[in-house]
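Colleague: One file is attached below, final02.pdb, containing PDB, C-alpha atoms, pLDDT in the B column.
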```
ATOM      1  CA  MET A   1     -11.690  -7.537   6.049  1.00 85.00           C
ATOM      2  CA  SER A   2     -13.776  -6.512   3.055  1.00 94.00           C
ATOM      3  CA  LYS A   3     -16.500  -3.953   3.565  1.00 96.00           C
ATOM      4  CA  THR A   4     -19.446  -3.253   1.307  1.00 97.00           C
ATOM      5  CA  LEU A   5     -20.192   0.244   0.090  1.00 97.00           C
ATOM      6  CA  THR A   6     -23.354   1.196  -1.765  1.00 97.00           C
ATOM      7  CA  MET A   7     -23.489   4.293  -3.928  1.00 98.00           C
ATOM      8  CA  LEU A   8     -26.298   5.993  -5.777  1.00 98.00           C
ATOM      9  CA  MET A   9     -25.416   8.126  -8.781  1.00 98.00           C
ATOM     10  CA  MET A  10     -27.762  10.406 -10.690  1.00 97.00           C
ATOM     11  CA  ASP A  11     -25.739  12.542 -13.090  1.00 97.00           C
ATOM     12  CA  PRO A  12     -25.686  11.707 -16.814  1.00 97.00           C
ATOM     13  CA  PRO A  13     -22.367  11.282 -18.626  1.00 95.00           C
ATOM     14  CA  TYR A  14     -20.393  14.412 -19.570  1.00 93.00           C
ATOM     15  CA  GLU A  15     -22.492  16.684 -17.342  1.00 94.00           C
ATOM     16  CA  SER A  16     -20.808  16.862 -13.963  1.00 95.00           C
ATOM     17  CA  SER A  17     -17.560  16.253 -12.114  1.00 96.00           C
ATOM     18  CA  ASN A  18     -19.687  14.197  -9.734  1.00 97.00           C
ATOM     19  CA  THR A  19     -19.414  11.279 -12.145  1.00 97.00           C
ATOM     20  CA  ILE A  20     -15.627  11.168 -12.126  1.00 97.00           C
ATOM     21  CA  THR A  21     -15.483  11.544  -8.361  1.00 98.00           C
ATOM     22  CA  ALA A  22     -18.000   8.728  -7.955  1.00 98.00           C
ATOM     23  CA  LEU A  23     -16.003   6.476 -10.268  1.00 98.00           C
ATOM     24  CA  ARG A  24     -12.803   7.368  -8.402  1.00 98.00           C
ATOM     25  CA  ILE A  25     -14.464   6.302  -5.149  1.00 98.00           C
ATOM     26  CA  VAL A  26     -15.646   3.023  -6.702  1.00 98.00           C
ATOM     27  CA  GLU A  27     -12.146   2.339  -8.077  1.00 98.00           C
ATOM     28  CA  ALA A  28     -10.464   3.083  -4.756  1.00 98.00           C
ATOM     29  CA  ALA A  29     -12.971   0.990  -2.816  1.00 98.00           C
ATOM     30  CA  LEU A  30     -12.350  -1.997  -5.096  1.00 98.00           C
ATOM     31  CA  ARG A  31      -8.585  -1.494  -5.110  1.00 98.00           C
ATOM     32  CA  LYS A  32      -8.671  -1.555  -1.305  1.00 97.00           C
ATOM     33  CA  GLY A  33     -10.505  -4.900  -1.393  1.00 97.00           C
ATOM     34  CA  ASN A  34     -14.066  -3.813  -0.767  1.00 98.00           C
ATOM     35  CA  HIS A  35     -17.309  -4.796  -2.460  1.00 98.00           C
ATOM     36  CA  VAL A  36     -19.354  -2.082  -4.131  1.00 98.00           C
ATOM     37  CA  ASN A  37     -22.968  -1.741  -5.181  1.00 98.00           C
ATOM     38  CA  VAL A  38     -23.810   1.057  -7.589  1.00 98.00           C
ATOM     39  CA  PHE A  39     -27.371   2.087  -8.242  1.00 98.00           C
ATOM     40  CA  ALA A  40     -27.589   4.299 -11.322  1.00 98.00           C
ATOM     41  CA  TYR A  41     -30.639   6.509 -11.218  1.00 97.00           C
ATOM     42  CA  GLU A  42     -32.068   9.020 -13.681  1.00 97.00           C
ATOM     43  CA  GLY A  43     -29.394  10.253 -16.144  1.00 97.00           C
ATOM     44  CA  ALA A  44     -26.705   8.017 -14.680  1.00 98.00           C
ATOM     45  CA  VAL A  45     -28.280   5.017 -16.401  1.00 98.00           C
ATOM     46  CA  SER A  46     -26.617   6.263 -19.604  1.00 98.00           C
ATOM     47  CA  LEU A  47     -23.145   5.675 -18.156  1.00 98.00           C
ATOM     48  CA  THR A  48     -23.241   2.024 -19.228  1.00 98.00           C
ATOM     49  CA  PHE A  49     -24.928   2.596 -22.621  1.00 98.00           C
ATOM     50  CA  LYS A  50     -23.085   0.366 -25.068  1.00 97.00           C
ATOM     51  CA  GLU A  51     -23.565   2.579 -28.132  1.00 97.00           C
ATOM     52  CA  GLN A  52     -21.407   5.474 -26.898  1.00 96.00           C
ATOM     53  CA  LYS A  53     -18.910   6.346 -29.606  1.00 94.00           C
ATOM     54  CA  LYS A  54     -15.684   8.306 -29.806  1.00 93.00           C
ATOM     55  CA  HIS A  55     -15.584  11.095 -32.356  1.00 93.00           C
ATOM     56  CA  ALA A  56     -13.202  13.337 -34.221  1.00 95.00           C
ATOM     57  CA  ASN A  57     -13.313  17.127 -33.759  1.00 94.00           C
ATOM     58  CA  ALA A  58     -13.821  18.969 -37.032  1.00 93.00           C
ATOM     59  CA  VAL A  59     -13.448  22.389 -35.389  1.00 94.00           C
ATOM     60  CA  LYS A  60     -10.007  21.587 -34.033  1.00 93.00           C
ATOM     61  CA  GLY A  61      -9.141  19.415 -37.013  1.00 95.00           C
ATOM     62  CA  THR A  62      -8.270  16.451 -34.834  1.00 96.00           C
ATOM     63  CA  THR A  63      -8.928  12.854 -35.687  1.00 96.00           C
ATOM     64  CA  LEU A  64     -10.812  10.313 -33.653  1.00 93.00           C
ATOM     65  CA  GLU A  65      -7.513   8.821 -32.500  1.00 93.00           C
ATOM     66  CA  GLU A  66      -6.064  12.212 -31.565  1.00 95.00           C
ATOM     67  CA  GLU A  67      -9.151  13.138 -29.579  1.00 93.00           C
ATOM     68  CA  ASP A  68      -9.149   9.765 -27.810  1.00 91.00           C
ATOM     69  CA  HIS A  69     -12.254  10.525 -25.767  1.00 88.00           C
ATOM     70  CA  PRO A  70     -12.635   8.541 -22.577  1.00 92.00           C
ATOM     71  CA  LEU A  71     -16.052   6.945 -22.778  1.00 96.00           C
ATOM     72  CA  PRO A  72     -17.979   6.439 -19.538  1.00 97.00           C
ATOM     73  CA  LYS A  73     -18.980   2.922 -20.602  1.00 98.00           C
ATOM     74  CA  ASP A  74     -15.264   2.023 -20.869  1.00 97.00           C
ATOM     75  CA  LEU A  75     -14.535   3.476 -17.433  1.00 98.00           C
ATOM     76  CA  VAL A  76     -17.336   1.395 -15.943  1.00 98.00           C
ATOM     77  CA  ALA A  77     -16.175  -1.677 -17.874  1.00 98.00           C
ATOM     78  CA  SER A  78     -12.695  -1.267 -16.396  1.00 98.00           C
ATOM     79  CA  LEU A  79     -14.190  -1.199 -12.902  1.00 98.00           C
ATOM     80  CA  VAL A  80     -16.170  -4.351 -13.666  1.00 98.00           C
ATOM     81  CA  GLY A  81     -12.894  -5.924 -14.802  1.00 98.00           C
ATOM     82  CA  LEU A  82     -11.058  -4.742 -11.691  1.00 98.00           C
ATOM     83  CA  ALA A  83     -13.674  -6.344  -9.467  1.00 98.00           C
ATOM     84  CA  LYS A  84     -13.563  -9.591 -11.420  1.00 97.00           C
ATOM     85  CA  GLU A  85      -9.750  -9.758 -11.312  1.00 97.00           C
ATOM     86  CA  ASN A  86      -9.807  -9.407  -7.543  1.00 97.00           C
ATOM     87  CA  ASN A  87     -12.806 -11.647  -6.842  1.00 97.00           C
ATOM     88  CA  LEU A  88     -14.780  -8.728  -5.533  1.00 98.00           C
ATOM     89  CA  ARG A  89     -18.413  -7.933  -6.089  1.00 97.00           C
ATOM     90  CA  LEU A  90     -19.363  -4.889  -8.120  1.00 98.00           C
ATOM     91  CA  THR A  91     -23.062  -4.789  -8.829  1.00 98.00           C
ATOM     92  CA  TRP A  92     -24.134  -2.071 -11.233  1.00 98.00           C
ATOM     93  CA  THR A  93     -27.901  -1.706 -11.249  1.00 98.00           C
ATOM     94  CA  ASN A  94     -29.644   0.644 -13.640  1.00 98.00           C
ATOM     95  CA  CYS A  95     -33.074   1.950 -12.700  1.00 98.00           C
ATOM     96  CA  GLY A  96     -35.357   0.205 -15.199  1.00 98.00           C
ATOM     97  CA  LEU A  97     -37.878   3.017 -15.612  1.00 97.00           C
ATOM     98  CA  CYS A  98     -35.060   5.546 -16.116  1.00 97.00           C
ATOM     99  CA  VAL A  99     -33.560   3.254 -18.772  1.00 98.00           C
ATOM    100  CA  ASP A 100     -36.862   2.917 -20.626  1.00 98.00           C
ATOM    101  CA  GLU A 101     -37.444   6.671 -20.589  1.00 97.00           C
ATOM    102  CA  ARG A 102     -34.051   7.264 -22.165  1.00 97.00           C
ATOM    103  CA  GLY A 103     -33.907   4.247 -24.471  1.00 97.00           C
ATOM    104  CA  VAL A 104     -30.509   3.185 -23.173  1.00 97.00           C
ATOM    105  CA  GLY A 105     -31.218  -0.472 -22.493  1.00 96.00           C
ATOM    106  CA  ASN A 106     -28.352  -1.749 -24.613  1.00 97.00           C
ATOM    107  CA  TRP A 107     -25.643  -1.781 -21.975  1.00 97.00           C
ATOM    108  CA  ILE A 108     -22.217  -3.244 -21.397  1.00 97.00           C
ATOM    109  CA  GLU A 109     -21.552  -6.513 -19.618  1.00 97.00           C
ATOM    110  CA  GLY A 110     -21.727  -6.109 -15.856  1.00 96.00           C
ATOM    111  CA  ALA A 111     -24.787  -3.876 -15.661  1.00 97.00           C
ATOM    112  CA  SER A 112     -28.276  -5.064 -14.853  1.00 97.00           C
ATOM    113  CA  ARG A 113     -31.806  -3.764 -14.556  1.00 98.00           C
ATOM    114  CA  GLY A 114     -33.433  -3.041 -11.227  1.00 98.00           C
ATOM    115  CA  SER A 115     -35.601  -0.691  -9.223  1.00 97.00           C
ATOM    116  CA  PRO A 116     -35.184   1.606  -6.209  1.00 95.00           C
ATOM    117  CA  ALA A 117     -36.162  -1.402  -4.095  1.00 97.00           C
ATOM    118  CA  ASP A 118     -32.812  -2.933  -5.054  1.00 97.00           C
ATOM    119  CA  PHE A 119     -31.084   0.189  -3.764  1.00 97.00           C
ATOM    120  CA  ILE A 120     -32.873  -0.069  -0.408  1.00 97.00           C
ATOM    121  CA  LYS A 121     -31.942  -3.747  -0.148  1.00 97.00           C
ATOM    122  CA  ALA A 122     -28.300  -2.974  -0.984  1.00 97.00           C
ATOM    123  CA  VAL A 123     -28.167  -0.198   1.605  1.00 96.00           C
ATOM    124  CA  THR A 124     -29.514  -2.436   4.359  1.00 96.00           C
ATOM    125  CA  GLU A 125     -26.918  -5.073   3.506  1.00 95.00           C
ATOM    126  CA  SER A 126     -23.975  -2.642   3.274  1.00 95.00           C
ATOM    127  CA  ASP A 127     -21.576  -1.122   5.763  1.00 95.00           C
ATOM    128  CA  ASN A 128     -22.399   2.310   4.433  1.00 96.00           C
ATOM    129  CA  ALA A 129     -24.070   4.196   1.626  1.00 96.00           C
ATOM    130  CA  LEU A 130     -23.426   7.411  -0.260  1.00 97.00           C
ATOM    131  CA  VAL A 131     -25.997   9.240  -2.349  1.00 98.00           C
ATOM    132  CA  ILE A 132     -24.559  11.613  -4.935  1.00 97.00           C
ATOM    133  CA  ALA A 133     -27.511  13.681  -6.046  1.00 93.00           C
ATOM    134  CA  THR A 134     -27.528  15.896  -9.129  1.00 87.00           C
ATOM    135  CA  THR A 135     -26.235  19.404  -8.611  1.00 73.00           C
TER     136      THR A 135
ATOM    137  CA  MET B   1     -21.728  10.432  19.712  1.00 88.00           C
ATOM    138  CA  SER B   2     -22.098   9.868  15.982  1.00 96.00           C
ATOM    139  CA  LYS B   3     -19.679  10.156  13.108  1.00 97.00           C
ATOM    140  CA  TYR B   4     -20.530  12.463  10.241  1.00 98.00           C
ATOM    141  CA  LEU B   5     -18.744  12.772   6.935  1.00 98.00           C
ATOM    142  CA  PHE B   6     -19.656  15.827   4.895  1.00 98.00           C
ATOM    143  CA  ILE B   7     -18.410  15.692   1.317  1.00 98.00           C
ATOM    144  CA  GLU B   8     -18.560  19.199  -0.083  1.00 97.00           C
ATOM    145  CA  SER B   9     -18.258  19.387  -3.860  1.00 97.00           C
ATOM    146  CA  ARG B  10     -19.511  22.893  -4.535  1.00 96.00           C
ATOM    147  CA  ASP B  11     -17.750  26.208  -4.889  1.00 95.00           C
ATOM    148  CA  PRO B  12     -18.549  28.330  -1.798  1.00 93.00           C
ATOM    149  CA  PHE B  13     -18.751  31.393  -4.040  1.00 92.00           C
ATOM    150  CA  ASP B  14     -21.280  29.708  -6.321  1.00 91.00           C
ATOM    151  CA  THR B  15     -23.908  28.754  -3.788  1.00 88.00           C
ATOM    152  CA  THR B  16     -24.823  29.754  -0.257  1.00 87.00           C
ATOM    153  CA  ASP B  17     -25.794  26.118   0.349  1.00 91.00           C
ATOM    154  CA  THR B  18     -22.127  25.477   1.072  1.00 94.00           C
ATOM    155  CA  HIS B  19     -22.231  27.810   4.043  1.00 93.00           C
ATOM    156  CA  GLN B  20     -25.295  25.997   5.332  1.00 94.00           C
ATOM    157  CA  ALA B  21     -23.368  22.731   5.113  1.00 95.00           C
ATOM    158  CA  PHE B  22     -20.397  24.252   6.961  1.00 96.00           C
ATOM    159  CA  GLY B  23     -22.780  25.550   9.623  1.00 96.00           C
ATOM    160  CA  LEU B  24     -24.428  22.157  10.043  1.00 97.00           C
ATOM    161  CA  ALA B  25     -21.052  20.427  10.310  1.00 98.00           C
ATOM    162  CA  THR B  26     -19.940  22.910  12.958  1.00 98.00           C
ATOM    163  CA  ALA B  27     -23.175  22.592  14.937  1.00 98.00           C
ATOM    164  CA  LEU B  28     -22.858  18.808  14.972  1.00 98.00           C
ATOM    165  CA  SER B  29     -19.258  19.039  16.168  1.00 98.00           C
ATOM    166  CA  LYS B  30     -20.287  21.387  18.991  1.00 97.00           C
ATOM    167  CA  GLU B  31     -22.754  18.743  20.135  1.00 97.00           C
ATOM    168  CA  GLY B  32     -19.877  16.323  20.591  1.00 97.00           C
ATOM    169  CA  ASN B  33     -20.076  14.430  17.332  1.00 97.00           C
ATOM    170  CA  ASP B  34     -17.055  13.369  15.310  1.00 97.00           C
ATOM    171  CA  VAL B  35     -17.293  15.451  12.119  1.00 98.00           C
ATOM    172  CA  THR B  36     -15.124  15.384   9.018  1.00 98.00           C
ATOM    173  CA  LEU B  37     -15.501  17.798   6.130  1.00 98.00           C
ATOM    174  CA  TYR B  38     -13.984  16.433   2.916  1.00 98.00           C
ATOM    175  CA  LEU B  39     -13.627  19.084   0.206  1.00 98.00           C
ATOM    176  CA  VAL B  40     -13.676  17.782  -3.376  1.00 98.00           C
ATOM    177  CA  GLN B  41     -14.156  19.152  -6.908  1.00 98.00           C
ATOM    178  CA  ASN B  42     -14.892  22.896  -6.730  1.00 97.00           C
ATOM    179  CA  GLY B  43     -15.346  22.463  -2.997  1.00 97.00           C
ATOM    180  CA  VAL B  44     -11.561  22.722  -2.628  1.00 98.00           C
ATOM    181  CA  LEU B  45     -11.745  26.395  -3.624  1.00 97.00           C
ATOM    182  CA  ALA B  46     -12.802  26.945  -0.016  1.00 97.00           C
ATOM    183  CA  ALA B  47      -9.546  25.412   1.185  1.00 97.00           C
ATOM    184  CA  ARG B  48      -7.430  28.355  -0.003  1.00 97.00           C
ATOM    185  CA  ALA B  49      -6.360  30.598   2.856  1.00 96.00           C
ATOM    186  CA  ALA B  50      -6.963  33.683   0.735  1.00 96.00           C
ATOM    187  CA  ALA B  51     -10.577  32.674   0.150  1.00 95.00           C
ATOM    188  CA  ASN B  52     -11.306  32.968   3.878  1.00 94.00           C
ATOM    189  CA  ALA B  53     -14.230  30.629   3.248  1.00 94.00           C
ATOM    190  CA  LEU B  54     -13.719  28.289   6.178  1.00 95.00           C
ATOM    191  CA  LYS B  55     -13.957  30.924   8.895  1.00 93.00           C
ATOM    192  CA  GLU B  56     -17.367  29.632   9.946  1.00 91.00           C
ATOM    193  CA  VAL B  57     -16.137  26.028  10.286  1.00 96.00           C
ATOM    194  CA  GLY B  58     -15.555  25.162  13.919  1.00 95.00           C
ATOM    195  CA  PRO B  59     -12.141  24.042  15.236  1.00 96.00           C
ATOM    196  CA  LYS B  60     -13.400  20.559  16.085  1.00 96.00           C
ATOM    197  CA  VAL B  61     -14.313  19.791  12.474  1.00 98.00           C
ATOM    198  CA  SER B  62     -11.576  17.883  10.674  1.00 98.00           C
ATOM    199  CA  VAL B  63     -11.168  19.535   7.266  1.00 98.00           C
ATOM    200  CA  LEU B  64      -9.640  17.495   4.438  1.00 98.00           C
ATOM    201  CA  ALA B  65      -9.030  18.559   0.843  1.00 98.00           C
ATOM    202  CA  ASP B  66      -8.905  16.118  -2.051  1.00 98.00           C
ATOM    203  CA  ASP B  67      -5.433  16.045  -3.627  1.00 98.00           C
ATOM    204  CA  TYR B  68      -6.707  15.323  -7.144  1.00 97.00           C
ATOM    205  CA  SER B  69      -9.121  18.265  -7.040  1.00 98.00           C
ATOM    206  CA  ILE B  70      -6.445  20.592  -5.703  1.00 98.00           C
ATOM    207  CA  GLU B  71      -4.019  19.598  -8.420  1.00 97.00           C
ATOM    208  CA  GLU B  72      -6.642  19.979 -11.153  1.00 97.00           C
ATOM    209  CA  ARG B  73      -7.239  23.565 -10.056  1.00 97.00           C
ATOM    210  CA  GLY B  74      -3.585  24.535  -9.728  1.00 97.00           C
ATOM    211  CA  ILE B  75      -3.772  25.123  -5.994  1.00 97.00           C
ATOM    212  CA  GLU B  76      -0.429  24.781  -4.238  1.00 95.00           C
ATOM    213  CA  ALA B  77      -0.110  23.228  -0.786  1.00 91.00           C
ATOM    214  CA  ASN B  78       1.279  26.484   0.620  1.00 94.00           C
ATOM    215  CA  GLU B  79      -1.907  28.289  -0.433  1.00 97.00           C
ATOM    216  CA  LEU B  80      -4.120  26.187   1.835  1.00 97.00           C
ATOM    217  CA  ALA B  81      -5.645  27.398   5.068  1.00 97.00           C
ATOM    218  CA  LYS B  82      -3.854  26.142   8.189  1.00 96.00           C
ATOM    219  CA  SER B  83      -6.870  24.097   9.264  1.00 96.00           C
ATOM    220  CA  VAL B  84      -6.847  22.057   6.029  1.00 98.00           C
ATOM    221  CA  ARG B  85      -5.049  18.743   5.549  1.00 97.00           C
ATOM    222  CA  VAL B  86      -4.494  17.343   2.079  1.00 97.00           C
ATOM    223  CA  SER B  87      -6.109  13.946   1.711  1.00 98.00           C
ATOM    224  CA  ASP B  88      -6.966  11.477  -1.032  1.00 98.00           C
ATOM    225  CA  VAL B  89      -9.697   9.200  -2.298  1.00 98.00           C
ATOM    226  CA  ASP B  90      -8.255   6.194  -0.460  1.00 98.00           C
ATOM    227  CA  SER B  91      -8.706   7.995   2.846  1.00 98.00           C
ATOM    228  CA  LEU B  92     -12.183   9.008   1.787  1.00 98.00           C
ATOM    229  CA  VAL B  93     -13.049   5.358   1.151  1.00 98.00           C
ATOM    230  CA  ASP B  94     -11.721   4.429   4.602  1.00 96.00           C
ATOM    231  CA  LEU B  95     -13.989   7.036   6.158  1.00 96.00           C
ATOM    232  CA  LEU B  96     -16.945   5.879   4.069  1.00 95.00           C
ATOM    233  CA  CYS B  97     -16.438   2.246   4.978  1.00 92.00           C
ATOM    234  CA  GLU B  98     -16.628   2.901   8.705  1.00 88.00           C
ATOM    235  CA  LYS B  99     -19.916   1.381   9.707  1.00 80.00           C
ATOM    236  CA  GLY B 100     -22.241   3.900  11.268  1.00 87.00           C
ATOM    237  CA  THR B 101     -20.663   6.938   9.644  1.00 95.00           C
ATOM    238  CA  LYS B 102     -23.332   9.193   8.251  1.00 97.00           C
ATOM    239  CA  ALA B 103     -22.085  10.304   4.847  1.00 97.00           C
ATOM    240  CA  ILE B 104     -23.635  13.421   3.369  1.00 97.00           C
ATOM    241  CA  TRP B 105     -22.774  14.543  -0.165  1.00 97.00           C
ATOM    242  CA  HIS B 106     -23.388  18.115  -1.139  1.00 96.00           C
TER     243      HIS B 106
END
```
Go through the file and emit its structure as structure tokens.

Modeller:
Amino acid sequence: MSKTLTMLMMDPPYESSNTITALRIVEAALRKGNHVNVFAYEGAVSLTFKEQKKHANAVKGTTLEEEDHPLPKDLVASLVGLAKENNLRLTWTNCGLCVDERGVGNWIEGASRGSPADFIKAVTESDNALVIATT
Amino acid sequence: MSKYLFIESRDPFDTTDTHQAFGLATALSKEGNDVTLYLVQNGVLAARAAANALKEVGPKVSVLADDYSIEERGIEANELAKSVRVSDVDSLVDLLCEKGTKAIWH
């Protein structure tokens, strides 16, 4: 039977291993047939920012293709796709005020705007919740 | 009795907070609660026997170490403390999805 897990993330992209662990948990939860709610707070709202770009590395002399940076927005998009393929619910809610502060409102498909009230609602409707605060 | 899941992500040699978390987990287990300590990221550095970092964790606390984090840091299974079991993110999700489990990330 499907369970529902709600997670709150706070770390911005490229800052902390917390992000990868959180995404691993989301991926595993979906793969095991569960629904997931993610509330992105503070810097984590940039994870879904659509304008993230790969880049070459002039210091190492590597091209854009050779560098092949994994972009957080693509990782999130793959999770959105995984949920869709398996008829599971993945809600990705970005804190609206945090988005406005950072100017990252142009986001990928699958993300939406919300407030901490949405997080509280998701927690009350979930089997469990995990808050991953910034280090 | 309650179920507690402590997810420890920090290096025990980087912050004394980790020892506070270990102490809290142990105290809760002594009160009869079901306590699991899941080590992840730099938290797995505590899982090495040579680090002697889990000495304050009580015997009733189930200690798990994330396989991905161990592999990333080049820690071999035979280097782990006897009280540690290697686990994975799927098992972590199972623990998280148990209704009523109090999950605490540190």

Colleague: Neighbours of range 66-82 of chain A within 8 Å (only C-alpha atoms; same-chain residues fewer than 3 positions away dropped), as an mmCIF file with C-alpha atoms, keeping the file's coordinate frame?

Modeller:
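The resulting file, out_4.cif, is reproduced below:
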```
data_model
loop_
_atom_site.group_PDB
_atom_site.id
_atom_site.type_symbol
_atom_site.label_atom_id
_atom_site.label_comp_id
_atom_site.auth_asym_id
_atom_site.auth_seq_id
_atom_site.Cartn_x
_atom_site.Cartn_y
_atom_site.Cartn_z
ATOM 1 C CA PRO A 13 -22.367 11.282 -18.626
ATOM 2 C CA LEU A 23 -16.003 6.476 -10.268
ATOM 3 C CA VAL A 26 -15.646 3.023 -6.702
ATOM 4 C CA GLU A 27 -12.146 2.339 -8.077
ATOM 5 C CA LEU A 30 -12.350 -1.997 -5.096
ATOM 6 C CA ARG A 31 -8.585 -1.494 -5.110
ATOM 7 C CA LEU A 47 -23.145 5.675 -18.156
ATOM 8 C CA THR A 48 -23.241 2.024 -19.228
ATOM 9 C CA PHE A 49 -24.928 2.596 -22.621
ATOM 10 C CA LYS A 50 -23.085 0.366 -25.068
ATOM 11 C CA GLN A 52 -21.407 5.474 -26.898
ATOM 12 C CA LYS A 53 -18.910 6.346 -29.606
ATOM 13 C CA LYS A 54 -15.684 8.306 -29.806
ATOM 14 C CA HIS A 55 -15.584 11.095 -32.356
ATOM 15 C CA ALA A 56 -13.202 13.337 -34.221
ATOM 16 C CA ASN A 57 -13.313 17.127 -33.759
ATOM 17 C CA THR A 62 -8.270 16.451 -34.834
ATOM 18 C CA THR A 63 -8.928 12.854 -35.687
ATOM 19 C CA GLU A 85 -9.750 -9.758 -11.312
ATOM 20 C CA ASN A 86 -9.807 -9.407 -7.543
ATOM 21 C CA LEU A 90 -19.363 -4.889 -8.120
ATOM 22 C CA ILE A 108 -22.217 -3.244 -21.397
ATOM 23 C CA GLU A 109 -21.552 -6.513 -19.618
ATOM 24 C CA GLY A 110 -21.727 -6.109 -15.856
#
```

Colleague: Would you give me, as a list in words, the residues of chain B that come within 8 Å of chain A, using only C-alpha atoms?

Modeller: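 Close enough to count are Ser9, Gln41, Val89, Asp90, Leu92, Val93, Leu96, Cys97, Glu98, Lys99, Gly100, Thr101, Lys102, Ala103, Ile104, Trp105 and His106 of chain B.
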
Colleague: Please indicate the distance in Å from CA of Gly23 in chain B to CA of Asp94 in chain B, rounded to one decimal place.

Modeller: 24.4 Å

Colleague: As a check of understanding, name the residues that the PyMOL selection byres ((chain B and resi 80) around 12) selects in the supplied structure, as an NGL selection string.

Modeller: :B and (39 or 44-54 or 63-67 or 70 or 74-79 or 81-86)

Colleague: One decimal, Å: what's the distance from CA of Asp118 in chain A over to CA of Tyr38 in chain B, could you say?

Modeller: 28.2 Å

Colleague: What is the distance, in Å and to one decimal place, between CA of Val38 in chain A and CA of Thr124 in chain A?

Modeller: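 Value for the CA of Val38 in chain A-CA of Thr124 in chain A distance: 13.7 Å.
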
Colleague: Contacts of Tyr4 in chain B at 10 Å or less, counting all atoms listed in the file, minus same-chain residues fewer than 2 places along, as a JSON list (two decimals) with C-alpha atoms, keeping the file's coordinate frame?

Modeller:
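Printed below is result.json as written:
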```
[["chain", "number", "residue", "atom", "x", "y", "z"],
["B", 1, "MET", "CA", -21.73, 10.43, 19.71],
["B", 2, "SER", "CA", -22.10, 9.87, 15.98],
["B", 6, "PHE", "CA", -19.66, 15.83, 4.89],
["B", 7, "ILE", "CA", -18.41, 15.69, 1.32],
["B", 25, "ALA", "CA", -21.05, 20.43, 10.31],
["B", 28, "LEU", "CA", -22.86, 18.81, 14.97],
["B", 29, "SER", "CA", -19.26, 19.04, 16.17],
["B", 33, "ASN", "CA", -20.08, 14.43, 17.33],
["B", 34, "ASP", "CA", -17.06, 13.37, 15.31],
["B", 35, "VAL", "CA", -17.29, 15.45, 12.12],
["B", 36, "THR", "CA", -15.12, 15.38, 9.02],
["B", 37, "LEU", "CA", -15.50, 17.80, 6.13],
["B", 61, "VAL", "CA", -14.31, 19.79, 12.47],
["B", 95, "LEU", "CA", -13.99, 7.04, 6.16],
["B", 96, "LEU", "CA", -16.94, 5.88, 4.07],
["B", 100, "GLY", "CA", -22.24, 3.90, 11.27],
["B", 101, "THR", "CA", -20.66, 6.94, 9.64],
["B", 102, "LYS", "CA", -23.33, 9.19, 8.25],
["B", 103, "ALA", "CA", -22.08, 10.30, 4.85],
["B", 104, "ILE", "CA", -23.64, 13.42, 3.37]]
```

Colleague: Got a sec to resolve the PyMOL selection byres ((chain A and resi 97-101) around 8) on this structure and send the residues as a PyMOL selection string?

Modeller: chain A and resi 41-43+45-46+94-96+102-105+115

Colleague: Could you list, as a list in words, every residue matched by the PyMOL selection byres ((chain A and resi 91) around 8) in this structure?

Modeller: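 What the PyMOL selection byres ((chain A and resi 91) around 8) grabs from the file is Val36, Asn37, Val38, Arg89, Leu90, Trp92, Thr93, Gly110, Ala111 and Ser112 of chain A.
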